[in-house]
>>> print(open('query.cif').read())   # mmCIF, C-alpha atoms
data_data
#
loop_
_atom_site.group_PDB
_atom_site.id
_atom_site.type_symbol
_atom_site.label_atom_id
_atom_site.label_comp_id
_atom_site.auth_asym_id
_atom_site.auth_seq_id
_atom_site.Cartn_x
_atom_site.Cartn_y
_atom_site.Cartn_z
ATOM 1 C CA MET A 1 -48.593 -7.184 -109.970
ATOM 2 C CA LYS A 2 -45.783 -7.384 -107.421
ATOM 3 C CA ASN A 3 -43.769 -4.770 -109.330
ATOM 4 C CA GLN A 4 -46.725 -2.424 -109.708
ATOM 5 C CA LYS A 5 -46.427 0.737 -107.686
ATOM 6 C CA ILE A 6 -49.280 1.025 -105.219
ATOM 7 C CA LEU A 7 -50.934 4.445 -105.333
ATOM 8 C CA ASP A 8 -51.506 6.175 -102.000
ATOM 9 C CA ILE A 9 -55.127 7.105 -102.661
ATOM 10 C CA PHE A 10 -56.083 7.208 -98.984
ATOM 11 C CA GLY A 11 -53.091 9.358 -98.019
ATOM 12 C CA LYS A 12 -54.180 12.050 -100.490
ATOM 13 C CA ARG A 13 -57.883 11.802 -99.622
ATOM 14 C CA LYS A 14 -58.075 15.387 -98.332
ATOM 15 C CA ILE A 15 -57.007 16.688 -101.740
ATOM 16 C CA PHE A 16 -59.427 14.377 -103.556
ATOM 17 C CA PHE A 17 -62.308 15.432 -101.286
ATOM 18 C CA THR A 18 -61.451 19.140 -101.491
ATOM 19 C CA VAL A 19 -61.542 19.407 -105.297
ATOM 20 C CA PRO A 20 -65.273 18.599 -105.748
ATOM 21 C CA ILE A 21 -66.177 20.693 -102.704
ATOM 22 C CA VAL A 22 -64.453 23.717 -104.261
ATOM 23 C CA ILE A 23 -66.198 23.091 -107.593
ATOM 24 C CA ALA A 24 -69.571 22.838 -105.858
ATOM 25 C CA VAL A 25 -69.013 26.061 -103.890
ATOM 26 C CA ILE A 26 -67.973 27.957 -107.020
ATOM 27 C CA ALA A 27 -71.038 26.601 -108.852
ATOM 28 C CA VAL A 28 -73.313 27.868 -106.075
ATOM 29 C CA ILE A 29 -71.660 31.306 -106.182
ATOM 30 C CA VAL A 30 -72.007 31.492 -109.981
ATOM 31 C CA ALA A 31 -75.660 30.409 -109.727
ATOM 32 C CA LEU A 32 -76.385 33.096 -107.122
ATOM 33 C CA ILE A 33 -74.690 35.819 -109.160
ATOM 34 C CA PHE A 34 -75.762 34.926 -112.700
ATOM 35 C CA GLY A 35 -78.784 32.739 -112.012
ATOM 36 C CA ILE A 36 -79.638 29.303 -113.359
ATOM 37 C CA GLU A 37 -80.586 28.857 -116.992
ATOM 38 C CA VAL A 38 -83.901 26.961 -117.186
ATOM 39 C CA ASP A 39 -85.363 25.605 -120.408
ATOM 40 C CA ILE A 40 -88.731 26.852 -121.575
ATOM 41 C CA GLU A 41 -90.372 23.498 -120.778
ATOM 42 C CA PHE A 42 -89.901 24.290 -117.077
ATOM 43 C CA LYS A 43 -90.802 27.998 -117.076
ATOM 44 C CA GLY A 44 -93.402 28.098 -119.847
ATOM 45 C CA GLY A 45 -93.549 30.365 -122.855
ATOM 46 C CA THR A 46 -93.794 30.340 -126.630
ATOM 47 C CA ILE A 47 -91.811 28.517 -129.303
ATOM 48 C CA MET A 48 -91.806 29.761 -132.907
ATOM 49 C CA THR A 49 -90.443 27.380 -135.527
ATOM 50 C CA TYR A 50 -89.239 28.501 -138.955
ATOM 51 C CA SER A 51 -87.850 26.646 -141.933
ATOM 52 C CA TYR A 52 -84.998 28.180 -143.904
ATOM 53 C CA SER A 53 -82.342 27.472 -146.482
ATOM 54 C CA GLY A 54 -78.700 28.422 -146.755
ATOM 55 C CA ASP A 55 -76.307 29.381 -143.974
ATOM 56 C CA LEU A 56 -78.489 31.317 -141.550
ATOM 57 C CA ASP A 57 -76.697 33.294 -138.829
ATOM 58 C CA THR A 58 -78.473 32.223 -135.630
ATOM 59 C CA ASP A 59 -76.926 35.098 -133.682
ATOM 60 C CA ALA A 60 -78.428 37.547 -136.146
ATOM 61 C CA ILE A 61 -81.952 36.137 -135.878
ATOM 62 C CA LYS A 62 -81.593 35.969 -132.092
ATOM 63 C CA SER A 63 -80.652 39.669 -131.953
ATOM 64 C CA ALA A 64 -83.486 40.566 -134.304
ATOM 65 C CA ALA A 65 -86.046 38.711 -132.170
ATOM 66 C CA GLU A 66 -84.736 40.206 -128.920
ATOM 67 C CA SER A 67 -84.936 43.726 -130.369
ATOM 68 C CA TYR A 68 -88.739 43.565 -129.956
ATOM 69 C CA GLY A 69 -88.315 43.679 -126.186
ATOM 70 C CA TYR A 70 -89.988 40.434 -125.116
ATOM 71 C CA GLY A 71 -87.017 39.171 -123.163
ATOM 72 C CA SER A 72 -84.132 36.828 -123.880
ATOM 73 C CA VAL A 73 -84.634 34.457 -126.799
ATOM 74 C CA GLY A 74 -83.354 30.908 -126.998
ATOM 75 C CA VAL A 75 -82.334 29.662 -130.430
ATOM 76 C CA SER A 76 -81.958 26.050 -131.533
ATOM 77 C CA THR A 77 -81.556 24.544 -134.985
ATOM 78 C CA GLY A 78 -82.558 21.209 -136.437
ATOM 79 C CA ASN A 79 -84.646 19.717 -139.202
ATOM 80 C CA ALA A 80 -88.385 19.837 -139.834
ATOM 81 C CA ILE A 81 -90.817 18.879 -142.563
ATOM 82 C CA ALA A 82 -91.784 21.885 -144.656
ATOM 83 C CA SER A 83 -93.974 21.676 -147.792
ATOM 84 C CA GLY A 84 -93.790 17.897 -147.706
ATOM 85 C CA SER A 85 -89.986 17.696 -147.613
ATOM 86 C CA MET A 86 -87.258 17.835 -144.982
ATOM 87 C CA ALA A 87 -85.775 21.290 -144.454
ATOM 88 C CA GLN A 88 -83.517 23.112 -142.050
ATOM 89 C CA SER A 89 -85.368 24.646 -139.119
ATOM 90 C CA VAL A 90 -84.708 27.193 -136.416
ATOM 91 C CA SER A 91 -86.776 27.526 -133.239
ATOM 92 C CA LEU A 92 -87.072 30.707 -131.196
ATOM 93 C CA SER A 93 -88.032 30.247 -127.535
ATOM 94 C CA PHE A 94 -89.632 33.072 -125.552
ATOM 95 C CA ALA A 95 -90.229 32.900 -121.804
ATOM 96 C CA ALA A 96 -93.785 33.422 -120.618
ATOM 97 C CA ASN A 97 -94.698 37.097 -121.116
ATOM 98 C CA ASP A 98 -98.263 38.479 -120.933
ATOM 99 C CA SER A 99 -97.407 41.270 -123.354
ATOM 100 C CA PHE A 100 -96.359 38.782 -126.025
ATOM 101 C CA THR A 101 -99.873 38.546 -127.425
ATOM 102 C CA GLU A 102 -100.989 36.820 -130.600
ATOM 103 C CA ASP A 103 -100.925 40.143 -132.460
ATOM 104 C CA ALA A 104 -97.364 40.773 -131.260
ATOM 105 C CA GLN A 105 -96.358 37.301 -132.386
ATOM 106 C CA ASN A 106 -97.867 37.797 -135.848
ATOM 107 C CA GLU A 107 -96.095 41.134 -136.173
ATOM 108 C CA MET A 108 -92.754 39.533 -135.321
ATOM 109 C CA ILE A 109 -93.361 36.590 -137.648
ATOM 110 C CA GLY A 110 -93.945 38.858 -140.622
ATOM 111 C CA ALA A 111 -91.001 41.126 -139.779
ATOM 112 C CA LEU A 112 -88.543 38.258 -139.390
ATOM 113 C CA GLU A 113 -89.664 36.591 -142.616
ATOM 114 C CA GLU A 114 -89.119 39.874 -144.440
ATOM 115 C CA GLN A 115 -85.757 40.585 -142.765
ATOM 116 C CA PHE A 116 -84.386 37.116 -143.552
ATOM 117 C CA ALA A 117 -86.102 36.652 -146.917
ATOM 118 C CA ASP A 118 -82.735 35.841 -148.530
ATOM 119 C CA PHE A 119 -82.725 32.599 -146.514
ATOM 120 C CA GLN A 120 -86.358 31.816 -147.401
ATOM 121 C CA LEU A 121 -87.275 32.039 -143.716
ATOM 122 C CA THR A 122 -90.825 30.715 -143.431
ATOM 123 C CA HIS A 123 -92.916 30.392 -140.291
ATOM 124 C CA GLN A 124 -94.095 26.809 -139.701
ATOM 125 C CA ASN A 125 -95.855 26.846 -136.352
ATOM 126 C CA THR A 126 -96.160 28.535 -132.967
ATOM 127 C CA GLN A 127 -96.457 26.484 -129.797
ATOM 128 C CA ASP A 128 -97.409 27.613 -126.303
ATOM 129 C CA VAL A 129 -95.561 25.631 -123.641
ATOM 130 C CA ASN A 130 -97.118 24.846 -120.264
ATOM 131 C CA PRO A 131 -94.446 24.531 -117.519
ATOM 132 C CA THR A 132 -96.565 22.007 -115.617
ATOM 133 C CA SER A 133 -95.732 19.182 -118.027
ATOM 134 C CA GLY A 134 -92.017 19.880 -117.698
ATOM 135 C CA TRP A 135 -92.085 19.761 -113.917
ATOM 136 C CA LYS A 136 -94.154 16.576 -113.975
ATOM 137 C CA PHE A 137 -91.488 14.985 -116.128
ATOM 138 C CA PHE A 138 -88.768 16.228 -113.769
ATOM 139 C CA VAL A 139 -90.547 14.772 -110.732
ATOM 140 C CA LYS A 140 -90.993 11.407 -112.453
ATOM 141 C CA CYS A 141 -87.281 11.293 -113.294
ATOM 142 C CA LEU A 142 -86.424 12.280 -109.728
ATOM 143 C CA VAL A 143 -88.531 9.405 -108.413
ATOM 144 C CA ALA A 144 -86.713 7.055 -110.792
ATOM 145 C CA VAL A 145 -83.335 8.280 -109.514
ATOM 146 C CA VAL A 146 -84.317 7.877 -105.852
ATOM 147 C CA PHE A 147 -85.729 4.402 -106.516
ATOM 148 C CA SER A 148 -82.529 3.383 -108.320
ATOM 149 C CA PHE A 149 -80.495 4.693 -105.372
ATOM 150 C CA LEU A 150 -82.428 2.474 -102.966
ATOM 151 C CA LEU A 151 -82.035 -0.589 -105.173
ATOM 152 C CA LEU A 152 -78.296 0.033 -105.552
ATOM 153 C CA VAL A 153 -77.769 0.342 -101.794
ATOM 154 C CA ILE A 154 -79.717 -2.889 -101.184
ATOM 155 C CA TYR A 155 -77.826 -4.713 -103.939
ATOM 156 C CA ILE A 156 -74.392 -3.632 -102.715
ATOM 157 C CA ALA A 157 -75.334 -4.349 -99.087
ATOM 158 C CA PHE A 158 -76.115 -7.989 -99.942
ATOM 159 C CA ARG A 159 -73.338 -8.535 -102.461
ATOM 160 C CA PHE A 160 -70.545 -7.112 -100.291
ATOM 161 C CA LYS A 161 -71.509 -8.353 -96.836
ATOM 162 C CA LYS A 162 -67.915 -9.404 -96.131
ATOM 163 C CA ILE A 163 -66.696 -5.810 -96.293
ATOM 164 C CA GLY A 164 -69.589 -4.111 -94.518
ATOM 165 C CA GLY A 165 -72.108 -4.111 -97.350
ATOM 166 C CA LEU A 166 -74.470 -1.441 -96.056
ATOM 167 C CA SER A 167 -71.715 1.118 -95.512
ATOM 168 C CA ALA A 168 -70.263 0.273 -98.938
ATOM 169 C CA GLY A 169 -73.676 0.885 -100.495
ATOM 170 C CA ILE A 170 -74.129 4.185 -98.699
ATOM 171 C CA PHE A 171 -70.719 5.490 -99.799
ATOM 172 C CA ALA A 172 -71.396 4.356 -103.353
ATOM 173 C CA LEU A 173 -74.537 6.496 -103.114
ATOM 174 C CA VAL A 174 -72.482 9.450 -101.847
ATOM 175 C CA ALA A 175 -70.189 9.011 -104.861
ATOM 176 C CA LEU A 176 -73.211 9.106 -107.170
ATOM 177 C CA MET A 177 -74.442 12.295 -105.510
ATOM 178 C CA HIS A 178 -70.999 13.774 -106.197
ATOM 179 C CA ASP A 179 -71.412 12.934 -109.890
ATOM 180 C CA ILE A 180 -74.819 14.616 -110.057
ATOM 181 C CA ILE A 181 -73.444 17.752 -108.389
ATOM 182 C CA ILE A 182 -70.571 17.952 -110.875
ATOM 183 C CA VAL A 183 -72.981 17.565 -113.810
ATOM 184 C CA PHE A 184 -75.153 20.311 -112.330
ATOM 185 C CA ALA A 185 -72.032 22.486 -111.990
ATOM 186 C CA ALA A 186 -71.257 21.904 -115.684
ATOM 187 C CA PHE A 187 -74.721 23.220 -116.613
ATOM 188 C CA ILE A 188 -74.101 26.259 -114.396
ATOM 189 C CA PHE A 189 -70.564 27.057 -115.609
ATOM 190 C CA PHE A 190 -71.310 26.672 -119.314
ATOM 191 C CA ARG A 191 -74.730 28.366 -119.073
ATOM 192 C CA LEU A 192 -76.589 25.372 -120.433
ATOM 193 C CA PRO A 193 -80.334 25.475 -119.721
ATOM 194 C CA LEU A 194 -81.606 22.836 -117.320
ATOM 195 C CA ASP A 195 -83.940 20.684 -119.362
ATOM 196 C CA ALA A 196 -84.825 17.058 -120.022
ATOM 197 C CA ASN A 197 -81.211 16.465 -121.072
ATOM 198 C CA PHE A 198 -80.072 17.086 -117.495
ATOM 199 C CA MET A 199 -82.111 14.175 -116.183
ATOM 200 C CA ALA A 200 -81.087 12.027 -119.158
ATOM 201 C CA VAL A 201 -77.419 12.665 -118.358
ATOM 202 C CA VAL A 202 -77.954 11.889 -114.666
ATOM 203 C CA LEU A 203 -79.697 8.598 -115.409
ATOM 204 C CA THR A 204 -76.969 7.649 -117.893
ATOM 205 C CA ILE A 205 -73.939 8.309 -115.713
ATOM 206 C CA LEU A 206 -75.430 6.426 -112.755
ATOM 207 C CA GLY A 207 -74.851 3.148 -114.568
ATOM 208 C CA TYR A 208 -71.272 3.902 -115.587
ATOM 209 C CA SER A 209 -70.259 5.350 -112.237
ATOM 210 C CA ILE A 210 -71.714 2.566 -110.095
ATOM 211 C CA ASN A 211 -70.044 0.009 -112.347
ATOM 212 C CA ASN A 212 -66.569 1.405 -111.557
ATOM 213 C CA THR A 213 -67.416 1.558 -107.857
ATOM 214 C CA ILE A 214 -68.633 -2.044 -107.779
ATOM 215 C CA VAL A 215 -65.466 -3.197 -109.560
ATOM 216 C CA THR A 216 -63.392 -1.499 -106.841
ATOM 217 C CA TYR A 217 -65.456 -3.027 -104.018
ATOM 218 C CA ASP A 218 -65.266 -6.435 -105.679
ATOM 219 C CA ARG A 219 -61.456 -6.280 -105.754
ATOM 220 C CA ILE A 220 -61.374 -5.166 -102.111
ATOM 221 C CA ARG A 221 -63.470 -8.192 -101.197
ATOM 222 C CA GLU A 222 -61.249 -10.546 -103.218
ATOM 223 C CA ASN A 223 -58.056 -9.142 -101.725
ATOM 224 C CA ARG A 224 -59.444 -9.391 -98.189
ATOM 225 C CA THR A 225 -60.090 -13.096 -98.802
ATOM 226 C CA LEU A 226 -56.672 -13.523 -100.428
ATOM 227 C CA TYR A 227 -54.487 -11.610 -97.978
ATOM 228 C CA GLY A 228 -56.585 -11.744 -94.807
ATOM 229 C CA LYS A 229 -55.093 -9.772 -91.937
ATOM 230 C CA ARG A 230 -51.736 -9.352 -93.667
ATOM 231 C CA TYR A 231 -53.109 -6.175 -95.218
ATOM 232 C CA GLY A 232 -54.544 -3.371 -93.144
ATOM 233 C CA LEU A 233 -57.598 -1.486 -94.382
ATOM 234 C CA VAL A 234 -55.604 1.346 -95.945
ATOM 235 C CA GLU A 235 -53.180 -0.972 -97.740
ATOM 236 C CA LEU A 236 -56.073 -3.189 -98.820
ATOM 237 C CA MET A 237 -57.977 -0.286 -100.371
ATOM 238 C CA ASN A 238 -54.933 1.316 -102.022
ATOM 239 C CA THR A 239 -53.907 -2.014 -103.527
ATOM 240 C CA SER A 240 -57.397 -2.784 -104.802
ATOM 241 C CA VAL A 241 -57.877 0.631 -106.385
ATOM 242 C CA THR A 242 -54.451 0.444 -108.035
ATOM 243 C CA GLN A 243 -55.233 -2.982 -109.477
ATOM 244 C CA THR A 244 -58.528 -1.809 -110.973
ATOM 245 C CA MET A 245 -57.231 1.589 -112.116
ATOM 246 C CA THR A 246 -56.332 0.494 -115.650
ATOM 247 C CA ARG A 247 -59.741 -1.078 -116.210
ATOM 248 C CA SER A 248 -61.531 2.020 -114.901
ATOM 249 C CA ILE A 249 -59.433 4.308 -117.093
ATOM 250 C CA ASN A 250 -60.047 2.226 -120.225
ATOM 251 C CA THR A 251 -63.803 2.080 -119.575
ATOM 252 C CA THR A 252 -63.996 5.822 -118.987
ATOM 253 C CA ILE A 253 -61.869 6.740 -122.006
ATOM 254 C CA THR A 254 -63.989 4.566 -124.294
ATOM 255 C CA THR A 255 -67.304 6.083 -123.191
ATOM 256 C CA ALA A 256 -66.226 9.641 -122.380
ATOM 257 C CA PHE A 257 -64.438 10.277 -125.638
ATOM 258 C CA ALA A 258 -67.331 8.787 -127.580
ATOM 259 C CA ALA A 259 -69.525 11.419 -125.903
ATOM 260 C CA LEU A 260 -66.921 14.094 -126.660
ATOM 261 C CA ALA A 261 -66.798 13.063 -130.333
ATOM 262 C CA ILE A 262 -70.585 13.366 -130.551
ATOM 263 C CA CYS A 263 -70.341 16.782 -128.912
ATOM 264 C CA VAL A 264 -67.746 17.981 -131.436
ATOM 265 C CA VAL A 265 -69.769 16.755 -134.421
ATOM 266 C CA ALA A 266 -72.914 18.369 -133.007
ATOM 267 C CA TRP A 267 -71.038 21.648 -132.503
ATOM 268 C CA ILE A 268 -69.750 21.592 -136.074
ATOM 269 C CA CYS A 269 -73.255 20.887 -137.384
ATOM 270 C CA GLY A 270 -74.824 23.448 -135.043
ATOM 271 C CA VAL A 271 -77.158 20.992 -133.298
ATOM 272 C CA GLU A 272 -77.306 22.573 -129.845
ATOM 273 C CA SER A 273 -79.845 20.123 -128.422
ATOM 274 C CA ILE A 274 -77.307 17.303 -128.751
ATOM 275 C CA ILE A 275 -74.474 19.402 -127.330
ATOM 276 C CA SER A 276 -76.483 20.057 -124.154
ATOM 277 C CA PHE A 277 -76.618 16.270 -123.662
ATOM 278 C CA ALA A 278 -73.239 15.060 -124.957
ATOM 279 C CA PHE A 279 -71.021 17.623 -123.222
ATOM 280 C CA PRO A 280 -72.509 17.260 -119.694
ATOM 281 C CA LEU A 281 -72.398 13.485 -120.245
ATOM 282 C CA PHE A 282 -68.676 13.759 -120.963
ATOM 283 C CA ILE A 283 -68.185 15.746 -117.749
ATOM 284 C CA GLY A 284 -70.359 13.303 -115.802
ATOM 285 C CA LEU A 285 -68.395 10.271 -116.971
ATOM 286 C CA ILE A 286 -65.127 11.885 -115.863
ATOM 287 C CA ALA A 287 -66.761 12.744 -112.526
ATOM 288 C CA GLY A 288 -67.964 9.145 -112.175
ATOM 289 C CA PHE A 289 -64.441 7.845 -112.687
ATOM 290 C CA TYR A 290 -63.099 10.353 -110.159
ATOM 291 C CA SER A 291 -65.605 9.489 -107.432
ATOM 292 C CA SER A 292 -65.296 5.727 -107.936
ATOM 293 C CA VAL A 293 -61.506 5.685 -107.855
ATOM 294 C CA PHE A 294 -60.558 8.528 -105.534
ATOM 295 C CA MET A 295 -63.490 8.857 -103.150
ATOM 296 C CA SER A 296 -65.698 5.799 -102.548
ATOM 297 C CA GLY A 297 -62.889 3.542 -101.332
ATOM 298 C CA SER A 298 -61.403 6.176 -99.047
ATOM 299 C CA MET A 299 -64.795 6.940 -97.487
ATOM 300 C CA TRP A 300 -65.313 3.223 -96.850
ATOM 301 C CA VAL A 301 -61.907 2.961 -95.117
ATOM 302 C CA MET A 302 -62.588 6.050 -92.992
ATOM 303 C CA TRP A 303 -65.860 4.543 -91.793
ATOM 304 C CA GLN A 304 -64.304 1.158 -91.034
ATOM 305 C CA LEU A 305 -61.503 2.807 -89.064
ATOM 306 C CA HIS A 306 -64.075 4.882 -87.184
ATOM 307 C CA LYS A 307 -66.010 1.748 -86.264
ATOM 308 C CA SER A 308 -62.829 0.015 -85.106
ATOM 309 C CA LYS A 309 -61.854 2.921 -82.856
ATOM 310 C CA LYS A 310 -65.355 3.120 -81.438
ATOM 311 C CA ALA A 311 -65.370 -0.606 -80.691
ATOM 312 C CA ALA A 312 -61.939 -0.353 -79.051
ATOM 313 C CA LYS A 313 -63.127 2.479 -76.768
ATOM 314 C CA GLU A 314 -66.215 0.523 -75.713
ATOM 315 C CA LYS A 315 -64.014 -2.408 -74.664
#
>>> encode(input="query.cif", output="structure tokens")
Amino acid sequence: MKNQKILDIFGKRKIFFTVPIVIAVIAVIVALIFGIEVDIEFKGGTIMTYSYSGDLDTDAIKSAAESYGYGSVGVSTGNAIASGSMAQSVSLSFAANDSFTEDAQNEMIGALEEQFADFQLTHQNTQDVNPTSGWKFFVKCLVAVVFSFLLLVIYIAFRFKKIGGLSAGIFALVALMHDIIIVFAAFIFFRLPLDANFMAVVLTILGYSINNTIVTYDRIRENRTLYGKRYGLVELMNTSVTQTMTRSINTTITTAFAALAICVVAWICGVESIISFAFPLFIGLIAGFYSSVFMSGSMWVMWQLHKSKKAAKEK
């Protein structure tokens, strides 16, 4: 370890803090200009499910459905039971529209079945979606996230008393908020609809991100006990982060590239519902590594230095 080059994480903190701020600002601008894609479960509407065979062009059926003038149509593929056996399925999602009456739906169903008869396109069911259930689910997940935040702050505050546990917990929470913002930005940039997958990704990355942060704090605590006052706060943090860097990288590579592999397979197979989970998860895991290594420790040092200066002035 003596020959290991110590990275100057704290010295480059302005760069590390600026990058996510720029990403967040760009995401807000994109959202204001192009809007935010929201899944039908949050805005309500109608979902038509068809079974088919062969290599159906989803872009073609999307264009055909949109030609009826009932707004943008979301298309997702998967599998469904048709005539007692498993078959390929395609679902068309329409946002709530008063003019999209039952007669209009039946007209479209018949026309699409005729237009794509070569693929044995057969209507299976039509489902009206109430947005209330989607928002109830979102609120429940939000409560779970807030509750987990509180528990994490309390846990870190008690476990890391020797290094100012409460402040460590608060900055770990700030790092987690950074991860959520980056995941949200990924949904904005890649025009992925905000749906249940967004909350699933958020809840998943919280565990991975906080794990890296706790490992860093744990090494800071150990090194403070080992070196005492021989190391200043900046040197202590830089050394601790450098020592845990390899472990954090290995953990992130293992999980992030597993998510990326799932995303690639889902893309090849055309399963969009999995892509909207696996790809943001990949981005979130990278963001979690970034915030744990390059941000949480530096924020903790800045606060400790601020407290020291304030105490010195009061004396």
>>> closest_atom_pairs(input="query.cif", of="segment 102-171 of chain A", to="segment 273-297 of chain A", cutoff="10 Å", atoms="all atoms listed in the file", output="JSON lines")
{"residue": "A:Ala168", "atom": "CA", "partner": "A:Ser296", "partner_atom": "CA", "distance": 8.0}
{"residue": "A:Gly169", "atom": "CA", "partner": "A:Ser296", "partner_atom": "CA", "distance": 9.6}
{"residue": "A:Ile170", "atom": "CA", "partner": "A:Ser296", "partner_atom": "CA", "distance": 9.4}
{"residue": "A:Phe171", "atom": "CA", "partner": "A:Ser296", "partner_atom": "CA", "distance": 5.7}
>>> residues_around(input="query.cif", residues="segment 61-63 of chain A", least_positions_apart="3", cutoff="8 Å", atoms="only C-alpha atoms", output="PyMOL selection string")
chain A and resi 57-58+66-67+73-75+92+112
>>> closest_residue(input="query.cif", among="A:Ala111, A:Gly207, A:Thr225, A:Arg13", to="Ala64 of chain A", atoms="all atoms listed in the file")
A:Ala111
>>> closest_residue(input="query.cif", among="A:Ala186, A:Val146, A:Val241, A:Ala104", to="Asp218 of chain A", atoms="all atoms listed in the file")
A:Val241
>>> closest_residue(input="query.cif", among="A:Trp303, A:Trp267, A:Phe189, A:Tyr217", to="Ala24 of chain A", atoms="all atoms listed in the file")
A:Phe189
